[in-house]
Amino acid sequence: MPEIAEAELARRRLPLFGRLAERYRTSDKAGYVMVLPYILHFLLFTAYPLVFAFILVFCRWDIVTPMEFIGIRNVQRLSRDATFWTAVINTLRFLALHIPLQIVLSLLIAVILNGRIKFRSFFRGAFFLPFVISGAVVTILWQQLYSTDAGILNLILIRIGMQPVPWLTDPAWAIYSIAIMATWKNMGFYIVLFLAGLQNVPHELYEAASIDGANRSQQFWRITLPLLQPVMLLVVILSTIGGFSLFIEPFVMTGGGPAESTLSVVLYLYKQAFQFLRMGYAATIGFALAIMIFLVTFIQRRLLDTDQSA
Amino acid sequence: MRTLTKVLGYILLTVAALTFIYPFLWMASASLKPENEIGTLALVSRNFSLRGYSAVFKQIPIARALFNSGLVSITSTMSVLVLSSMVGYALARLRFVGRDSIFNLVLLTMMIPGQLLLIPMYILVVRLGWTDSYRALIVPAMISNMGIIVFRQFFKSLPQELIDAARIDGCSDYRILFQIFWPLSKPVLITVGIITFIGSWNEVLWPLIVIRRWSMMTMPQMVTLFHVGGLANAQVAAEMAAAMMLALPVILAYLFFQRYFIESLALSGIKG
């Protein structure tokens with residue numbers, strides 16, 4: 001089609017501005033109006049705060065008196081701030097129990113639910129219930145269940161002849177008690193993810209394996225588990241992000257104590273900003289947190305993308 | 001052997017299901033019990049009363065919080081559905097300068113963790129004079145990147161003939177979106193609606209930061225402060241009653257629309 005080629009050539013001969021004007025002339029004008037709310041929202045609630053957060057990293061500011069430029073003192077201070085690193089280590093201790101517990105229990109339940117089970121949707125619905133409920137409700141409820149003297153968990157332990165546990169009052173226990181509660185709250189969500197993964201395993205693989213004489217447990221370890229690897233990874237990454245975002249749990253249950261053993265990064269940020277009015281330092285903690293979360297998310301996207309293209 | 005594992009499976013499932021349901025039943029029961037019976041496993045008591053609930057109504061403006069939460073959650077959900085579907089439609093079906101850059105921007109900003117923007121967002125709200133107002137709770141939540149992506153993906157799958165035929169009839173793009181695409185999009189509208197509503201209803205950190213006056217607080221915030229701030233005077237029944245009032249609307253909706261809830265929220269985890 002020589003005419004089209006000619007028109008295209010004519011278009012290319014136009015200067016950049018002319019080319020844009022030409023593209024604008026032939027575009028759907030409604031598009032600009034429709035994306036306008038997004039652009040405004042982005043500028044006001046993403047771009048501006050992002051730039052401002054970056055500026056704050058280099059400033060000392062209590063909101064009341066004028067902002068003061070202090071170079072990289074916030075960053076230096078953060079690197080030496082023992083309380084901040086305690087919060088990071090608390091997060092790692094939380095994850096060390098939460099991730100394995102979550103994977104083992106939700107996978108176990110998903111495998112049972114994936115069999116020929118009656119009332120499957122009832123069970124799935126029951127497990128999913130805490131995930132829908134506000135974290136505020138769950139923590140207030142569990143604080144009561146965990147109460148050392150009057151809590152029903154210790155009541156049950158005593159009934160079956162065991163020692164009561166200082167769930168939230170002992171620095172050695174408290175963060176693990178929160179990890180158990182978080183596992184309980186999110187398990188239904190991970191069961192649904194694992195169920196979806198299990199349903200994607202091709203049936204022929206099991207048939208072929210049983211013809212070759214593989215028993216049930218061999219089939220699980222050699223076929224099911226390797227094929228669930230992408231889901232497993234998603235579980236690890238999502239619960240890691242969840243661990244770094246802990247706030248309401250220590251805020252309600254322990255206030256970060258006892259002895260800072262449940263202080264989370266977000267709770268520390270909150271305290272620096274709104275108890276001590278150190279906006280610059282809080283923004284610096286925010287950046288450190290974002291970098292940690294970003295690394296995890298980055299790995300997640302990369303792995304999910306390669307998974308989809310495979 | 002086969003039946004044995006099956007029976008074992010059912011026993012395990014039942015015990016597990018009990019550990020998920022029993023605490024909520026216990027909470028409902030504790031909200032009705034007198035203080036001296038709360039530390040027991042029994043779910044029913046002869047001395048049930050509504051004293052816990054009346055204590056809540058007496059000490060905090062919980063009815064106002066219920067209203068605030070409803071207003072904020074419903075308004076932001078409606079807004080997310082309208083605005084995000086508009087952006088999703090433009091990105092999926094219209095040709096205009098900068099379309100692909102905007103889509104990349106949506107994907108990119110979705111990766112920014114909210115905690116990073118917390119402090120500057122708070123300062124922005126202070127500067128706008130929005131503290132202690134509905135604007136602080138609603139306006140930043142009026143559009144959602146996740147919603148844009150879900151709508152764009154779904155709108156891409158609808159046939160082009162729908163648009164062509166409507167254009168011949170002289171329909172504007174707004175009418176195509178709201179009168180032709182929306183009725184075909186019920187599953188995605190429900191999904192985005194549930195994710196947004198539940199997220200908004202349960203949100204506690206943001207209100208804690210921008211709202212200080214009791215009359216402007218949302219439910220999760222007020223229930224949390226009632227508990228943490230010592231206003232409940234350590235009356236467990238009252239604390240459980242307040243928590244029940246926060247949980248009950250969601251539990252009821254969940255009982256009726258369980259399947260939608262599970263499918264939608266499972267997606268929210270994957271999409272971020």
# chains A, B, ... in the order shown; residues from 1 in each chain; ligands from 1

$ residues_around --residues "segment 253-265 of chain B" --least-positions-apart "2" --cutoff "10 Å" --atoms "only C-alpha atoms" --output "PDB file with N, CA and C atoms, in the first residue's frame"
ATOM      1  N   SER A 121     -16.751 -27.148  51.468  1.00  0.00           N
ATOM      2  CA  SER A 121     -16.904 -25.693  51.478  1.00  0.00           C
ATOM      3  C   SER A 121     -17.179 -25.175  52.893  1.00  0.00           C
ATOM      4  N   PHE A 122     -17.794 -26.043  53.736  1.00  0.00           N
ATOM      5  CA  PHE A 122     -17.949 -25.640  55.143  1.00  0.00           C
ATOM      6  C   PHE A 122     -16.584 -25.482  55.805  1.00  0.00           C
ATOM      7  N   ARG A 124     -13.593 -25.108  54.399  1.00  0.00           N
ATOM      8  CA  ARG A 124     -12.840 -24.010  53.809  1.00  0.00           C
ATOM      9  C   ARG A 124     -13.340 -22.678  54.365  1.00  0.00           C
ATOM     10  N   GLY A 125     -14.651 -22.550  54.475  1.00  0.00           N
ATOM     11  CA  GLY A 125     -15.245 -21.326  54.992  1.00  0.00           C
ATOM     12  C   GLY A 125     -14.848 -21.054  56.431  1.00  0.00           C
ATOM     13  N   ALA A 126     -14.785 -22.133  57.244  1.00  0.00           N
ATOM     14  CA  ALA A 126     -14.405 -21.968  58.652  1.00  0.00           C
ATOM     15  C   ALA A 126     -12.955 -21.508  58.766  1.00  0.00           C
ATOM     16  N   PHE A 128     -11.250 -19.870  56.638  1.00  0.00           N
ATOM     17  CA  PHE A 128     -11.027 -18.554  56.032  1.00  0.00           C
ATOM     18  C   PHE A 128     -11.564 -17.416  56.908  1.00  0.00           C
ATOM     19  N   LEU A 129     -12.468 -17.770  57.838  1.00  0.00           N
ATOM     20  CA  LEU A 129     -13.158 -16.735  58.622  1.00  0.00           C
ATOM     21  C   LEU A 129     -12.227 -15.706  59.281  1.00  0.00           C
ATOM     22  N   PHE A 131      -9.425 -14.599  58.484  1.00  0.00           N
ATOM     23  CA  PHE A 131      -8.744 -13.743  57.515  1.00  0.00           C
ATOM     24  C   PHE A 131      -9.598 -12.537  57.138  1.00  0.00           C
ATOM     25  N   VAL A 132     -10.930 -12.700  57.231  1.00  0.00           N
ATOM     26  CA  VAL A 132     -11.845 -11.632  56.853  1.00  0.00           C
ATOM     27  C   VAL A 132     -12.002 -10.611  57.978  1.00  0.00           C
ATOM     28  N   ILE A 133     -11.779 -11.066  59.213  1.00  0.00           N
ATOM     29  CA  ILE A 133     -12.054 -10.235  60.388  1.00  0.00           C
ATOM     30  C   ILE A 133     -10.914  -9.247  60.628  1.00  0.00           C
ATOM     31  N   GLY A 188      -6.359 -19.624  56.540  1.00  0.00           N
ATOM     32  CA  GLY A 188      -7.379 -19.887  55.532  1.00  0.00           C
ATOM     33  C   GLY A 188      -6.978 -19.374  54.165  1.00  0.00           C
ATOM     34  N   PHE A 189      -6.353 -18.218  54.152  1.00  0.00           N
ATOM     35  CA  PHE A 189      -5.885 -17.623  52.905  1.00  0.00           C
ATOM     36  C   PHE A 189      -4.856 -18.523  52.226  1.00  0.00           C
ATOM     37  N   VAL A 192      -6.327 -21.725  50.766  1.00  0.00           N
ATOM     38  CA  VAL A 192      -6.950 -21.502  49.451  1.00  0.00           C
ATOM     39  C   VAL A 192      -5.877 -21.446  48.358  1.00  0.00           C
TER      40      VAL A 192
ATOM     41  N   PRO B 187     -18.765 -10.007  38.003  1.00  0.00           N
ATOM     42  CA  PRO B 187     -17.753 -10.699  38.810  1.00  0.00           C
ATOM     43  C   PRO B 187     -16.604  -9.788  39.250  1.00  0.00           C
ATOM     44  N   VAL B 188     -16.083  -8.965  38.324  1.00  0.00           N
ATOM     45  CA  VAL B 188     -14.966  -8.087  38.720  1.00  0.00           C
ATOM     46  C   VAL B 188     -15.431  -6.968  39.625  1.00  0.00           C
ATOM     47  N   ILE B 190     -17.767  -7.197  41.838  1.00  0.00           N
ATOM     48  CA  ILE B 190     -17.886  -7.814  43.163  1.00  0.00           C
ATOM     49  C   ILE B 190     -16.506  -8.011  43.776  1.00  0.00           C
ATOM     50  N   THR B 191     -15.565  -8.523  42.986  1.00  0.00           N
ATOM     51  CA  THR B 191     -14.221  -8.781  43.501  1.00  0.00           C
ATOM     52  C   THR B 191     -13.568  -7.497  44.021  1.00  0.00           C
ATOM     53  N   VAL B 192     -13.507  -6.475  43.143  1.00  0.00           N
ATOM     54  CA  VAL B 192     -12.866  -5.220  43.551  1.00  0.00           C
ATOM     55  C   VAL B 192     -13.645  -4.599  44.708  1.00  0.00           C
ATOM     56  N   GLY B 193     -14.975  -4.697  44.660  1.00  0.00           N
ATOM     57  CA  GLY B 193     -15.802  -4.136  45.723  1.00  0.00           C
ATOM     58  C   GLY B 193     -15.498  -4.776  47.064  1.00  0.00           C
ATOM     59  N   ILE B 194     -15.435  -6.100  47.112  1.00  0.00           N
ATOM     60  CA  ILE B 194     -15.189  -6.791  48.389  1.00  0.00           C
ATOM     61  C   ILE B 194     -13.801  -6.474  48.918  1.00  0.00           C
ATOM     62  N   ILE B 195     -12.786  -6.544  48.043  1.00  0.00           N
ATOM     63  CA  ILE B 195     -11.416  -6.275  48.503  1.00  0.00           C
ATOM     64  C   ILE B 195     -11.339  -4.866  49.089  1.00  0.00           C
ATOM     65  N   THR B 196     -11.932  -3.888  48.381  1.00  0.00           N
ATOM     66  CA  THR B 196     -11.846  -2.505  48.832  1.00  0.00           C
ATOM     67  C   THR B 196     -12.624  -2.311  50.126  1.00  0.00           C
ATOM     68  N   ILE B 198     -13.619  -4.486  52.497  1.00  0.00           N
ATOM     69  CA  ILE B 198     -13.028  -5.148  53.664  1.00  0.00           C
ATOM     70  C   ILE B 198     -11.753  -4.442  54.099  1.00  0.00           C
ATOM     71  N   GLY B 199     -10.927  -4.055  53.119  1.00  0.00           N
ATOM     72  CA  GLY B 199      -9.697  -3.339  53.445  1.00  0.00           C
ATOM     73  C   GLY B 199      -9.999  -2.047  54.180  1.00  0.00           C
ATOM     74  N   LEU B 248     -19.155  -8.215  63.698  1.00  0.00           N
ATOM     75  CA  LEU B 248     -20.431  -8.797  63.283  1.00  0.00           C
ATOM     76  C   LEU B 248     -20.882  -8.437  61.857  1.00  0.00           C
ATOM     77  N   PRO B 249     -20.812  -7.156  61.442  1.00  0.00           N
ATOM     78  CA  PRO B 249     -21.236  -6.859  60.069  1.00  0.00           C
ATOM     79  C   PRO B 249     -20.467  -7.673  59.030  1.00  0.00           C
ATOM     80  N   VAL B 250     -19.151  -7.831  59.254  1.00  0.00           N
ATOM     81  CA  VAL B 250     -18.341  -8.592  58.301  1.00  0.00           C
ATOM     82  C   VAL B 250     -18.694 -10.074  58.361  1.00  0.00           C
ATOM     83  N   ILE B 251     -18.902 -10.597  59.582  1.00  0.00           N
ATOM     84  CA  ILE B 251     -19.247 -12.015  59.710  1.00  0.00           C
ATOM     85  C   ILE B 251     -20.567 -12.300  58.996  1.00  0.00           C
ATOM     86  N   LEU B 267      -7.461 -13.554  45.596  1.00  0.00           N
ATOM     87  CA  LEU B 267      -6.865 -12.804  44.480  1.00  0.00           C
ATOM     88  C   LEU B 267      -6.092 -11.596  44.988  1.00  0.00           C
ATOM     89  N   SER B 268      -6.638 -10.938  46.024  1.00  0.00           N
ATOM     90  CA  SER B 268      -5.990  -9.717  46.507  1.00  0.00           C
ATOM     91  C   SER B 268      -4.575  -9.993  46.985  1.00  0.00           C
ATOM     92  N   GLY B 269      -4.350 -11.171  47.554  1.00  0.00           N
ATOM     93  CA  GLY B 269      -3.017 -11.502  48.026  1.00  0.00           C
ATOM     94  C   GLY B 269      -2.039 -11.659  46.877  1.00  0.00           C
ATOM     95  N   ILE B 270      -2.533 -12.224  45.780  1.00  0.00           N
ATOM     96  CA  ILE B 270      -1.650 -12.483  44.645  1.00  0.00           C
ATOM     97  C   ILE B 270      -1.344 -11.188  43.908  1.00  0.00           C
ATOM     98  N   LYS B 271      -2.375 -10.339  43.776  1.00  0.00           N
ATOM     99  CA  LYS B 271      -2.180  -9.085  43.047  1.00  0.00           C
ATOM    100  C   LYS B 271      -1.495  -8.032  43.916  1.00  0.00           C
TER     101      LYS B 271
END

$ residues_around --residues "segment 118-134 of chain B" --least-positions-apart "6" --cutoff "9 Å" --atoms "only C-alpha atoms" --output "ChimeraX atom specification"
/A:44-46,48-53,56,63,270,273,279-280,282-283,286 /B:68,71-72,206,209-213,215-217

$ atom_distance --atom1 "atom CA of Tyr206 of chain A" --atom2 "atom CA of Val104 of chain A"
21.8 Å

$ select_by_dssp --residues "segment 119-260 of chain B" --states "helix (DSSP H, G or I)" --output "count of residues only"
111

$ residues_around --residues "segment 249-255 of chain A" --least-positions-apart "2" --cutoff "6 Å" --atoms "only C-alpha atoms" --output "PDB file with C-alpha atoms, in the first residue's frame"
ATOM      1  CA  THR A 139      -5.730  -9.295  68.646  1.00  0.00           C
ATOM      2  CA  GLN A 143      -4.981 -11.220  74.183  1.00  0.00           C
ATOM      3  CA  PHE A 247       1.668  -3.184  63.816  1.00  0.00           C
ATOM      4  CA  GLY A 257       7.098  -5.173  75.384  1.00  0.00           C
TER       5      GLY A 257
END

$ atom_distance --atom1 "atom CA of Arg46 of chain B" --atom2 "atom CA of Ala238 of chain B"
18.2 Å

$ select_by_dssp --residues "segment 37-194 of chain A" --states "strand (DSSP E or B)" --output "list in words"
Cys59, Arg60, Glu68 and Phe69 of chain A

$ residues_around --residues "Ser31 of chain B" --least-positions-apart "4" --cutoff "8 Å" --atoms "only C-alpha atoms" --output "MDAnalysis selection string"
chainID B and resid 27 50 52:53 236:241 244

$ write_last_selection --atoms "N, CA and C atoms" --output "PDB file, in the first residue's frame"
ATOM      1  N   MET B  27     -15.912 -15.462  72.094  1.00  0.00           N
ATOM      2  CA  MET B  27     -15.984 -14.002  72.171  1.00  0.00           C
ATOM      3  C   MET B  27     -17.440 -13.545  72.280  1.00  0.00           C
ATOM      4  N   LEU B  50     -26.984  -8.117  78.702  1.00  0.00           N
ATOM      5  CA  LEU B  50     -26.452  -7.167  77.723  1.00  0.00           C
ATOM      6  C   LEU B  50     -25.655  -6.058  78.394  1.00  0.00           C
ATOM      7  N   GLY B  52     -22.521  -5.742  79.098  1.00  0.00           N
ATOM      8  CA  GLY B  52     -21.297  -5.386  78.386  1.00  0.00           C
ATOM      9  C   GLY B  52     -21.594  -4.389  77.274  1.00  0.00           C
ATOM     10  N   TYR B  53     -22.666  -4.656  76.522  1.00  0.00           N
ATOM     11  CA  TYR B  53     -23.021  -3.769  75.416  1.00  0.00           C
ATOM     12  C   TYR B  53     -23.452  -2.396  75.915  1.00  0.00           C
ATOM     13  N   VAL B 236     -13.887  -7.193  80.774  1.00  0.00           N
ATOM     14  CA  VAL B 236     -13.685  -8.022  79.582  1.00  0.00           C
ATOM     15  C   VAL B 236     -14.952  -8.087  78.746  1.00  0.00           C
ATOM     16  N   ALA B 237     -16.111  -8.204  79.404  1.00  0.00           N
ATOM     17  CA  ALA B 237     -17.361  -8.320  78.655  1.00  0.00           C
ATOM     18  C   ALA B 237     -17.566  -7.109  77.748  1.00  0.00           C
ATOM     19  N   ALA B 238     -17.232  -5.915  78.268  1.00  0.00           N
ATOM     20  CA  ALA B 238     -17.413  -4.711  77.461  1.00  0.00           C
ATOM     21  C   ALA B 238     -16.442  -4.694  76.280  1.00  0.00           C
ATOM     22  N   GLU B 239     -15.180  -5.112  76.527  1.00  0.00           N
ATOM     23  CA  GLU B 239     -14.212  -5.156  75.433  1.00  0.00           C
ATOM     24  C   GLU B 239     -14.645  -6.131  74.348  1.00  0.00           C
ATOM     25  N   MET B 240     -15.132  -7.300  74.770  1.00  0.00           N
ATOM     26  CA  MET B 240     -15.594  -8.296  73.808  1.00  0.00           C
ATOM     27  C   MET B 240     -16.840  -7.796  73.075  1.00  0.00           C
ATOM     28  N   ALA B 241     -17.694  -7.058  73.778  1.00  0.00           N
ATOM     29  CA  ALA B 241     -18.894  -6.518  73.139  1.00  0.00           C
ATOM     30  C   ALA B 241     -18.505  -5.530  72.046  1.00  0.00           C
ATOM     31  N   MET B 244     -17.159  -7.429  69.173  1.00  0.00           N
ATOM     32  CA  MET B 244     -18.263  -8.090  68.456  1.00  0.00           C
ATOM     33  C   MET B 244     -18.929  -7.129  67.482  1.00  0.00           C
TER      34      MET B 244
END
